[in-house]
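**Q** My file is my_file.cif. It has mmCIF, C-alpha atoms:
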```
data_final
loop_
_atom_site.label_atom_id
_atom_site.label_comp_id
_atom_site.auth_asym_id
_atom_site.auth_seq_id
_atom_site.Cartn_x
_atom_site.Cartn_y
_atom_site.Cartn_z
CA MET A 1 91.85 128.51 99.53
CA ALA A 2 93.88 128.01 96.37
CA GLY A 3 97.69 127.94 96.56
CA ASP A 4 100.57 125.76 97.69
CA SER A 5 99.94 126.26 101.39
CA GLY A 6 96.35 125.09 101.03
CA MET A 7 97.37 121.91 99.25
CA ALA A 8 100.07 121.24 101.89
CA GLY A 9 97.43 121.48 104.60
CA LYS A 10 95.23 118.97 102.81
CA VAL A 11 98.10 116.54 102.41
CA VAL A 12 98.89 116.82 106.12
CA LEU A 13 95.32 116.01 107.10
CA LEU A 14 95.24 113.07 104.72
CA LEU A 15 98.31 111.69 106.47
CA TRP A 16 96.55 112.14 109.80
CA ALA A 17 93.53 110.21 108.53
CA GLN A 18 95.85 107.40 107.48
CA THR A 19 97.43 107.51 110.92
CA LEU A 20 94.07 106.77 112.49
CA GLY A 21 93.68 103.74 110.25
CA LEU A 22 90.88 105.33 108.26
CA ALA A 23 92.53 105.05 104.86
CA GLY A 24 92.57 101.80 102.95
CA ALA A 25 89.23 100.27 103.90
CA GLN A 26 87.65 103.71 103.28
CA THR A 27 89.27 105.31 100.26
CA THR A 28 87.24 108.51 100.44
CA GLN A 29 88.97 111.17 102.54
CA LEU A 30 87.64 114.42 103.94
CA LEU A 31 90.34 117.10 104.01
CA VAL A 32 90.16 120.19 106.18
CA GLU A 33 91.90 123.54 105.93
CA PRO A 34 93.41 125.00 108.13
CA PRO A 35 94.92 121.59 109.13
CA TRP A 36 93.92 121.51 112.81
CA ARG A 37 91.60 119.21 114.71
CA PRO A 38 89.01 119.82 115.78
CA ALA A 39 88.32 122.57 113.26
CA VAL A 40 86.67 125.75 114.53
CA LEU A 41 83.99 127.70 112.78
CA TRP A 42 85.67 131.09 113.20
CA ASP A 43 88.70 129.93 111.15
CA ARG A 44 86.71 129.93 107.85
CA VAL A 45 87.06 126.17 107.41
CA THR A 46 87.05 124.58 103.95
CA LEU A 47 86.18 120.89 103.57
CA THR A 48 87.25 118.95 100.48
CA CYS A 49 86.01 115.47 99.60
CA GLN A 50 88.75 113.47 97.93
CA GLY A 51 88.35 110.02 96.42
CA SER A 52 88.38 107.98 93.25
CA GLY A 53 84.60 108.00 92.78
CA THR A 54 82.70 109.74 90.00
CA ALA A 55 83.64 113.42 89.76
CA GLY A 56 80.83 115.79 90.74
CA ALA A 57 78.89 113.04 92.51
CA THR A 58 79.55 114.01 96.14
CA THR A 59 76.95 113.51 98.84
CA TRP A 60 77.46 115.41 102.09
CA TYR A 61 76.28 114.33 105.55
CA LYS A 62 76.01 116.49 108.66
CA ASP A 63 75.54 115.02 112.12
CA GLY A 64 74.75 111.65 110.57
CA GLN A 65 71.98 112.95 108.27
CA ARG A 66 72.09 113.43 104.52
CA TRP A 67 72.65 117.12 104.11
CA TRP A 68 73.59 117.88 100.50
CA GLN A 69 72.79 115.54 97.62
CA GLU A 70 74.96 115.74 94.48
CA GLY A 71 76.98 118.59 95.94
CA PRO A 72 80.42 119.99 94.98
CA ASP A 73 83.64 118.34 96.11
CA HIS A 74 84.48 121.26 98.44
CA PHE A 75 82.76 124.08 100.29
CA THR A 76 83.29 126.60 103.11
CA VAL A 77 81.66 125.61 106.39
CA THR A 78 79.12 128.04 107.89
CA GLU A 79 77.61 125.78 110.56
CA SER A 80 79.18 123.73 113.33
CA GLY A 81 78.69 119.97 113.31
CA THR A 82 80.23 116.66 112.31
CA TYR A 83 80.67 116.24 108.55
CA THR A 84 81.27 113.28 106.27
CA CYS A 85 81.14 112.90 102.51
CA ASP A 86 80.42 110.10 100.09
CA ARG A 87 81.88 109.53 96.61
CA ARG A 88 79.99 106.99 94.57
CA GLY A 89 82.05 103.81 94.29
CA THR A 90 84.50 104.55 97.14
CA GLY A 91 82.26 104.88 100.17
CA ARG A 92 81.88 107.38 102.96
CA SER A 93 84.76 109.35 104.47
CA PRO A 94 85.77 109.44 108.14
CA PRO A 95 84.14 112.29 110.09
CA VAL A 96 85.51 115.80 110.65
CA SER A 97 84.17 117.93 113.52
CA VAL A 98 83.77 121.69 113.22
CA LEU A 99 83.17 123.31 116.62
CA ASP A 100 81.79 126.66 117.68
CA ASP A 101 82.59 126.25 121.38
CA PRO A 102 83.82 129.17 123.49
CA LEU A 103 87.07 127.30 124.24
CA VAL A 104 88.76 124.70 122.01
CA LEU A 105 91.97 122.67 122.31
CA GLN A 106 93.48 121.99 118.88
CA VAL A 107 96.10 119.48 117.73
CA PRO A 108 97.91 119.60 114.35
CA ALA A 109 96.13 117.29 111.91
CA GLN A 110 99.16 115.21 111.05
CA ALA A 111 100.78 111.91 111.90
CA LEU A 112 102.45 112.22 115.31
CA LEU A 113 105.54 110.05 115.75
CA GLU A 114 108.19 109.61 118.40
CA GLY A 115 110.82 112.35 118.32
CA ASP A 116 108.55 114.94 116.69
CA THR A 117 107.68 118.31 118.20
CA VAL A 118 104.00 119.12 118.47
CA THR A 119 102.25 122.18 119.83
CA LEU A 120 98.73 122.05 121.22
CA ARG A 121 96.90 125.37 121.32
CA CYS A 122 94.04 126.48 123.53
CA ARG A 123 91.88 129.01 121.65
CA CYS A 124 88.78 131.12 122.00
CA ARG A 125 87.03 133.42 119.55
CA GLN A 126 89.11 136.35 118.35
CA ASP A 127 86.78 138.89 119.97
CA SER A 128 87.34 137.32 123.41
CA HIS A 129 90.28 137.46 125.82
CA LEU A 130 91.80 134.23 127.13
CA SER A 131 93.86 134.04 130.32
CA ARG A 132 94.83 131.72 133.18
CA VAL A 133 95.11 128.71 130.85
CA ARG A 134 95.80 125.26 132.21
CA PHE A 135 96.37 122.01 130.32
CA TYR A 136 95.44 118.49 131.38
CA ARG A 137 96.36 115.02 130.14
CA ASP A 138 94.08 112.25 131.33
CA GLU A 139 92.80 114.76 133.91
CA LYS A 140 96.31 115.37 135.30
CA ASP A 141 97.35 119.02 135.53
CA LEU A 142 100.40 119.70 133.30
CA ARG A 143 101.68 122.73 135.16
CA GLY A 144 105.33 122.13 134.34
CA ALA A 145 104.70 122.27 130.58
CA LEU A 146 102.57 125.45 130.61
CA ARG A 147 103.53 128.07 128.01
CA GLY A 148 100.69 130.60 127.87
CA THR A 149 97.95 129.37 125.56
CA LYS A 150 100.21 126.75 123.91
CA LEU A 151 101.51 123.40 125.11
CA SER A 152 104.72 122.17 123.46
CA LEU A 153 105.66 118.49 123.62
CA SER A 154 109.26 117.87 122.60
CA PRO A 155 110.44 115.36 121.75
CA LEU A 156 107.29 113.28 121.49
CA GLN A 157 107.32 109.98 123.35
CA LEU A 158 104.84 107.13 123.39
CA GLN A 159 103.77 108.08 126.90
CA HIS A 160 102.59 111.46 125.59
CA SER A 161 99.56 109.67 124.13
CA GLY A 162 96.33 110.43 125.97
CA ARG A 163 93.26 112.66 126.17
CA TYR A 164 94.10 116.33 126.47
CA ARG A 165 91.96 119.33 127.35
CA CYS A 166 92.46 122.89 128.47
CA GLU A 167 90.59 125.33 130.62
CA GLY A 168 90.92 129.07 131.06
CA LEU A 169 89.26 132.38 131.73
CA VAL A 170 87.37 133.53 128.62
CA GLY A 171 86.61 137.14 129.39
CA SER A 172 85.32 136.88 132.95
CA PHE A 173 84.01 133.30 132.72
CA MET A 174 85.96 130.10 133.38
CA SER A 175 85.55 127.66 130.45
CA ARG A 176 86.69 124.12 129.68
CA SER A 177 87.43 122.62 126.26
CA ALA A 178 86.29 119.26 124.99
CA ALA A 179 88.91 116.49 125.28
CA VAL A 180 91.09 115.71 122.25
CA THR A 181 92.80 112.35 121.80
CA VAL A 182 96.52 112.51 120.98
CA THR A 183 98.09 109.29 119.68
CA VAL A 184 101.87 109.07 119.35
CA HIS A 185 103.03 106.31 117.00
CA GLU A 186 106.33 104.43 117.04
CA LEU A 187 108.95 105.84 114.69
CA PHE A 188 110.42 102.33 114.51
CA THR A 189 110.02 99.09 116.41
CA VAL A 190 112.31 97.84 119.17
CA PRO A 191 115.24 96.22 117.32
CA VAL A 192 115.97 92.51 117.35
CA LEU A 193 119.60 91.43 117.03
CA GLU A 194 120.09 88.32 114.93
CA GLY A 195 123.28 86.30 114.57
CA PRO A 196 124.73 82.83 115.19
CA PRO A 197 124.94 81.96 118.90
CA GLU A 198 127.91 79.65 118.29
CA LEU A 199 130.67 79.52 115.70
CA THR A 200 134.27 78.40 115.35
CA ALA A 201 137.31 80.64 115.40
CA GLY A 202 138.29 81.97 112.01
CA SER A 203 134.69 82.06 110.77
CA PRO A 204 133.00 85.31 109.68
CA LEU A 205 130.36 86.78 111.99
CA THR A 206 127.39 88.70 110.57
CA LEU A 207 125.06 90.52 112.94
CA SER A 208 121.75 92.04 111.79
CA CYS A 209 119.96 94.72 113.81
CA LEU A 210 116.38 94.42 112.59
CA SER A 211 113.84 97.17 113.19
CA THR A 212 110.76 98.10 111.16
CA PRO A 213 110.18 101.80 110.42
CA SER A 214 106.69 103.19 110.75
CA PRO A 215 104.61 103.02 107.54
CA LEU A 216 103.72 106.63 108.33
CA ARG A 217 107.37 107.58 107.81
CA PRO A 218 109.01 104.65 106.03
CA ARG A 219 111.99 106.65 104.79
CA ALA A 220 113.02 108.08 108.16
CA PRO A 221 116.85 107.85 108.35
CA LEU A 222 117.97 105.51 111.14
CA LEU A 223 121.40 104.86 112.64
CA HIS A 224 122.61 101.54 114.10
CA VAL A 225 125.18 101.00 116.85
CA PHE A 226 126.58 97.57 117.82
CA TYR A 227 127.92 96.63 121.26
CA ARG A 228 129.88 93.74 122.77
CA ASP A 229 129.81 93.53 126.56
CA GLY A 230 128.66 97.15 126.68
CA GLN A 231 131.49 98.51 124.50
CA VAL A 232 130.87 100.00 121.05
CA MET A 233 132.24 97.74 118.32
CA GLY A 234 130.53 99.27 115.29
CA GLY A 235 128.60 102.38 114.25
CA PRO A 236 126.77 104.65 114.33
CA GLN A 237 126.06 103.56 110.76
CA GLY A 238 123.20 103.51 108.32
CA SER A 239 123.54 99.81 107.56
CA PRO A 240 121.70 97.43 109.91
CA GLN A 241 124.43 94.81 109.47
CA LEU A 242 127.87 94.38 111.00
CA LEU A 243 130.45 91.97 109.56
CA VAL A 244 133.47 90.66 111.43
CA PRO A 245 135.57 88.88 108.73
CA ALA A 246 137.24 86.37 111.08
CA VAL A 247 136.46 85.92 114.76
CA GLY A 248 138.70 84.68 117.53
CA VAL A 249 137.92 83.30 120.95
CA SER A 250 138.16 86.86 122.29
CA HIS A 251 135.05 87.77 120.25
CA SER A 252 132.87 85.68 122.58
CA GLY A 253 130.52 87.84 124.64
CA ASN A 254 127.12 89.48 124.99
CA TYR A 255 126.12 91.45 121.91
CA SER A 256 123.39 94.07 121.54
CA CYS A 257 122.45 96.84 119.15
CA GLN A 258 120.75 100.20 119.35
CA VAL A 259 118.70 102.01 116.70
CA ARG A 260 118.58 105.80 116.81
CA SER A 261 116.72 108.47 114.93
CA GLU A 262 118.97 110.79 112.95
CA GLY A 263 118.89 113.46 115.64
CA GLY A 264 119.19 110.93 118.46
CA ALA A 265 115.89 111.91 120.08
CA VAL A 266 114.57 108.35 119.78
CA ARG A 267 116.78 105.44 120.88
CA LYS A 268 115.80 101.80 121.31
CA SER A 269 118.01 98.87 122.28
CA SER A 270 117.73 95.18 121.51
CA ALA A 271 117.89 92.31 123.95
CA ARG A 272 121.33 90.76 124.43
CA LEU A 273 122.56 87.95 122.20
CA ARG A 274 125.18 85.60 123.63
CA VAL A 275 127.80 84.61 121.04
CA THR A 276 130.34 81.88 121.86
CA VAL A 277 133.40 81.33 119.66
CA HIS A 278 134.91 77.85 119.95
CA ARG A 279 138.54 76.99 119.28
CA VAL A 280 139.44 74.64 116.43
CA PRO A 281 141.49 71.84 118.06
CA PRO A 282 144.97 71.31 116.58
CA SER A 283 145.33 68.50 114.06
CA GLY A 284 147.52 67.48 111.17
CA VAL A 285 150.84 68.04 112.99
CA SER A 286 153.82 67.26 110.74
CA LEU A 287 157.62 67.63 110.82
CA SER A 288 160.18 68.74 108.27
CA VAL A 289 163.95 68.60 108.66
CA GLN A 290 167.09 70.22 107.32
CA PRO A 291 169.22 68.62 106.03
CA PRO A 292 166.64 66.54 104.14
CA GLY A 293 166.27 62.91 105.18
CA GLY A 294 167.33 63.58 108.76
CA GLN A 295 170.97 62.53 108.22
CA VAL A 296 173.37 65.11 109.56
CA ALA A 297 177.12 65.01 109.99
CA LEU A 298 178.59 65.21 113.44
CA GLY A 299 178.98 68.86 114.48
CA ASP A 300 176.72 70.21 111.75
CA ARG A 301 173.49 72.21 112.15
CA LEU A 302 170.11 70.46 112.45
CA VAL A 303 166.77 72.30 112.04
CA LEU A 304 163.35 70.72 112.71
CA ASN A 305 160.10 72.56 111.86
CA CYS A 306 156.65 71.71 113.26
CA THR A 307 153.56 72.74 111.26
CA VAL A 308 149.84 72.46 112.12
CA ALA A 309 147.24 71.90 109.41
CA MET A 310 144.29 73.06 111.59
CA GLY A 311 143.92 74.73 114.95
CA THR A 312 143.26 78.12 116.45
CA GLY A 313 145.50 79.75 118.95
CA PRO A 314 147.14 80.49 121.05
CA LEU A 315 149.04 77.27 120.37
CA SER A 316 152.00 75.94 122.38
CA PHE A 317 154.74 73.64 121.02
CA SER A 318 157.06 71.18 122.77
CA TRP A 319 159.86 68.95 121.39
CA HIS A 320 160.73 65.44 122.59
CA ARG A 321 163.20 62.66 121.69
CA LYS A 322 162.49 59.00 122.37
CA GLY A 323 164.30 57.73 125.41
CA SER A 324 164.92 61.22 126.78
CA GLY A 325 162.72 62.80 129.43
CA THR A 326 164.23 66.22 128.80
CA LEU A 327 162.15 68.91 127.10
CA LEU A 328 164.22 69.81 124.06
CA GLY A 329 162.53 73.08 123.20
CA THR A 330 159.37 75.14 122.77
CA GLY A 331 158.13 76.89 119.68
CA PRO A 332 157.46 75.70 116.15
CA CYS A 333 161.18 75.39 115.32
CA LEU A 334 163.93 73.33 117.01
CA GLU A 335 167.50 74.20 116.05
CA LEU A 336 170.66 72.29 117.11
CA LEU A 337 173.69 74.29 116.03
CA HIS A 338 176.26 71.49 116.58
CA VAL A 339 174.85 67.98 116.77
CA GLY A 340 176.57 65.28 118.73
CA VAL A 341 176.42 61.49 118.66
CA ASN A 342 173.74 61.47 121.35
CA ASP A 343 171.43 63.61 119.22
CA SER A 344 170.48 60.66 117.04
CA GLY A 345 167.00 59.27 117.64
CA GLN A 346 163.26 59.68 117.03
CA TYR A 347 161.91 63.22 117.38
CA ARG A 348 158.29 64.29 117.99
CA CYS A 349 156.49 67.62 118.22
CA ARG A 350 153.44 68.11 120.46
CA VAL A 351 150.97 70.96 119.93
CA SER A 352 148.37 72.11 122.49
CA ASP A 353 145.67 74.81 122.56
CA GLY A 354 145.18 74.42 126.29
CA ASP A 355 142.28 72.00 125.90
CA SER A 356 143.56 69.31 123.54
CA VAL A 357 146.93 67.95 122.36
CA ALA A 358 148.05 66.69 118.96
CA GLU A 359 151.35 64.95 118.20
CA SER A 360 153.37 64.46 115.03
CA ASP A 361 154.59 61.15 113.67
CA PRO A 362 158.16 60.37 114.75
CA LEU A 363 161.02 61.58 112.57
CA ASN A 364 164.34 59.67 112.62
CA VAL A 365 167.51 61.71 112.89
CA THR A 366 170.88 60.00 112.26
CA VAL A 367 174.16 61.67 113.20
CA LEU A 368 176.93 60.52 110.83
CA VAL A 369 180.31 60.07 112.53
CA PRO A 370 183.39 60.48 110.26
CA VAL A 371 186.28 57.90 110.42
CA ALA A 372 190.03 57.82 109.34
CA ASN A 373 192.84 55.28 108.64
CA ALA A 374 190.50 52.43 107.81
CA THR A 375 192.20 49.10 106.86
CA ILE A 376 190.72 45.78 105.74
CA THR A 377 192.60 42.53 106.53
CA PRO A 378 191.56 38.93 105.93
CA GLY A 379 191.33 36.41 108.73
CA PRO A 380 194.04 33.76 109.23
CA LEU A 381 194.29 31.62 106.09
CA SER A 382 195.77 28.05 106.31
CA HIS A 383 195.08 27.26 102.74
CA GLN A 384 193.82 28.80 99.61
CA VAL A 385 190.10 29.43 99.49
CA PRO A 386 188.31 28.08 96.45
CA ALA A 387 186.00 30.36 94.59
CA GLY A 388 182.58 30.47 96.17
CA ASP A 389 183.75 29.56 99.70
CA PRO A 390 183.17 32.03 102.59
CA VAL A 391 186.01 34.19 103.82
CA ALA A 392 186.22 36.53 106.88
CA LEU A 393 187.51 40.07 106.51
CA ARG A 394 188.36 42.49 109.32
CA CYS A 395 187.92 46.32 109.16
CA SER A 396 189.82 48.55 111.59
CA MET A 397 189.53 52.36 111.84
CA GLN A 398 190.17 55.40 113.99
CA ASP A 399 187.00 57.02 115.52
CA LEU A 400 187.41 60.78 115.20
CA SER A 401 184.53 61.49 117.61
CA GLN A 402 186.68 60.38 120.62
#
```
Let me see whether you can do it: turn the structure in this file into structure tokens.

**A**
Amino acid sequence: MAGDSGMAGKVVLLLWAQTLGLAGAQTTQLLVEPPWRPAVLWDRVTLTCQGSGTAGATTWYKDGQRWWQEGPDHFTVTESGTYTCDRRGTGRSPPVSVLDDPLVLQVPAQALLEGDTVTLRCRCRQDSHLSRVRFYRDEKDLRGALRGTKLSLSPLQLQHSGRYRCEGLVGSFMSRSAAVTVTVHELFTVPVLEGPPELTAGSPLTLSCLSTPSPLRPRAPLLHVFYRDGQVMGGPQGSPQLLVPAVGVSHSGNYSCQVRSEGGAVRKSSARLRVTVHRVPPSGVSLSVQPPGGQVALGDRLVLNCTVAMGTGPLSFSWHRKGSGTLLGTGPCLELLHVGVNDSGQYRCRVSDGDSVAESDPLNVTVLVPVANATITPGPLSHQVPAGDPVALRCSMQDLSQ
């Protein structure tokens, strides 16, 4: 019994006992080698009582009766029956059955999880011949899965759980095995996608695909895939989180995620999460002008720029001058290459995101008209004007804009 393979078999059975929920409340475990359940007498079965109780103080029970007081912690079975052991201070172990039936269906004594491959074997004594084997799950004939004396389930699914048995011709007699319960455990839970249902454009979006791995295989590698409206937007990746640094209105949609086992044999999808991205309405519209101050000489170039402090696009711009119903331009910049006298006035910029409109304060533009040959003459004087008295002066000039 000594050796690495023997210890591996014991560890496997201990995991199976934990699978059945027998570890924890009962800290004494009964290990069996070879690691199959039920054990069969013709396999030279060794039982080992493992626990934290006093060494050398093992009490053995067979078929519910005290069978061996102060016995060793392990022994080779010579009689069929149901065995338990007791270590002082840690309680009694779960039972292990050792059969001597003519036909036995055996299952590996290990934790069975989704995606695994498991082989059930229908066996008789080595001095007998077994033929015409059939397998049943919950009394349903599994003809399609028949492979001689072995039944392979791959990959394991939750619906493979049930009570299995086999029957076959042992020599010249038809025999039926006792039923064995097979329990397939979840490799991980159905994922739940968490994230904000509403947010504003430009904000970061963090999605978390939350799934709990089985405590029987807590380190199983899992992959995560994220979808928006059925299209992959992230993954497969090991991280359960997806970050979109800055979302736009186009990021609105129905999100979901899928968790997969490393080989892809097990896949589970979350429910959909509706995410709506709202626009930020435009605000803080302001104007700047070149040349500064809005005074421009006749015929010179005038440039007006419209800026928005807040607002998410797409944004549309329109330019207007007081007293004129004509649209002067679209876009964030209005450029007049050669201004005329009629270009003087109050200018405004309007910004819209399709739902709301914001407008700038008015900006005054003055077109300066140059003059020539200006003369100043006094009005008709009939007498000298004393200091401090009013006097009328006349200015005449030539308008070069005509």

**Q** Counting only C-alpha atoms, which residue out of A:Gly293, A:Pro197, A:Arg87, A:Thr307 sits closest to Gly253 in chain A?

**A**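 Closest candidate: A:Pro197.
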
**Q** What do you get, as number ranges by chain, if you spell out every residue that the PyMOL selection byres ((chain A and resi 311) around 8) selects here?

**A** A: 279-283, 308-310, 312-313, 315, 353

**Q** With range 216-239 of chain A as the partner and 12 Å as the cut-off, tabulate the residues of range 113-178 of chain A that qualify, each row holding the nearest pair of atoms and their distance in Å to one decimal, using all atoms listed in the file, sorted by chain and rising number, as a tab-separated table.

**A**
```
residue	atom	partner	partner_atom	distance
A:Leu113	CA	A:Leu216	CA	8.4
A:Glu114	CA	A:Arg217	CA	10.8
A:Gly115	CA	A:Ala220	CA	11.2
A:Asp116	CA	A:Arg217	CA	11.6
```

**Q** Applied to the shown file, which residues does the PyMOL selection byres ((chain A and resi 29-43) around 7) return, written as a PyMOL selection string?

**A** chain A and resi 6+9-10+12-14+27-28+44-51+78+80+84-85+93-94+97-100+106-109+125

**Q** Evaluate the PyMOL selection byres ((chain A and resi 295) around 10) and record the selected residues as a ChimeraX atom specification, following the chain and residue labels used in the document.

**A** /A:289-294,296-298,302,344,364-368
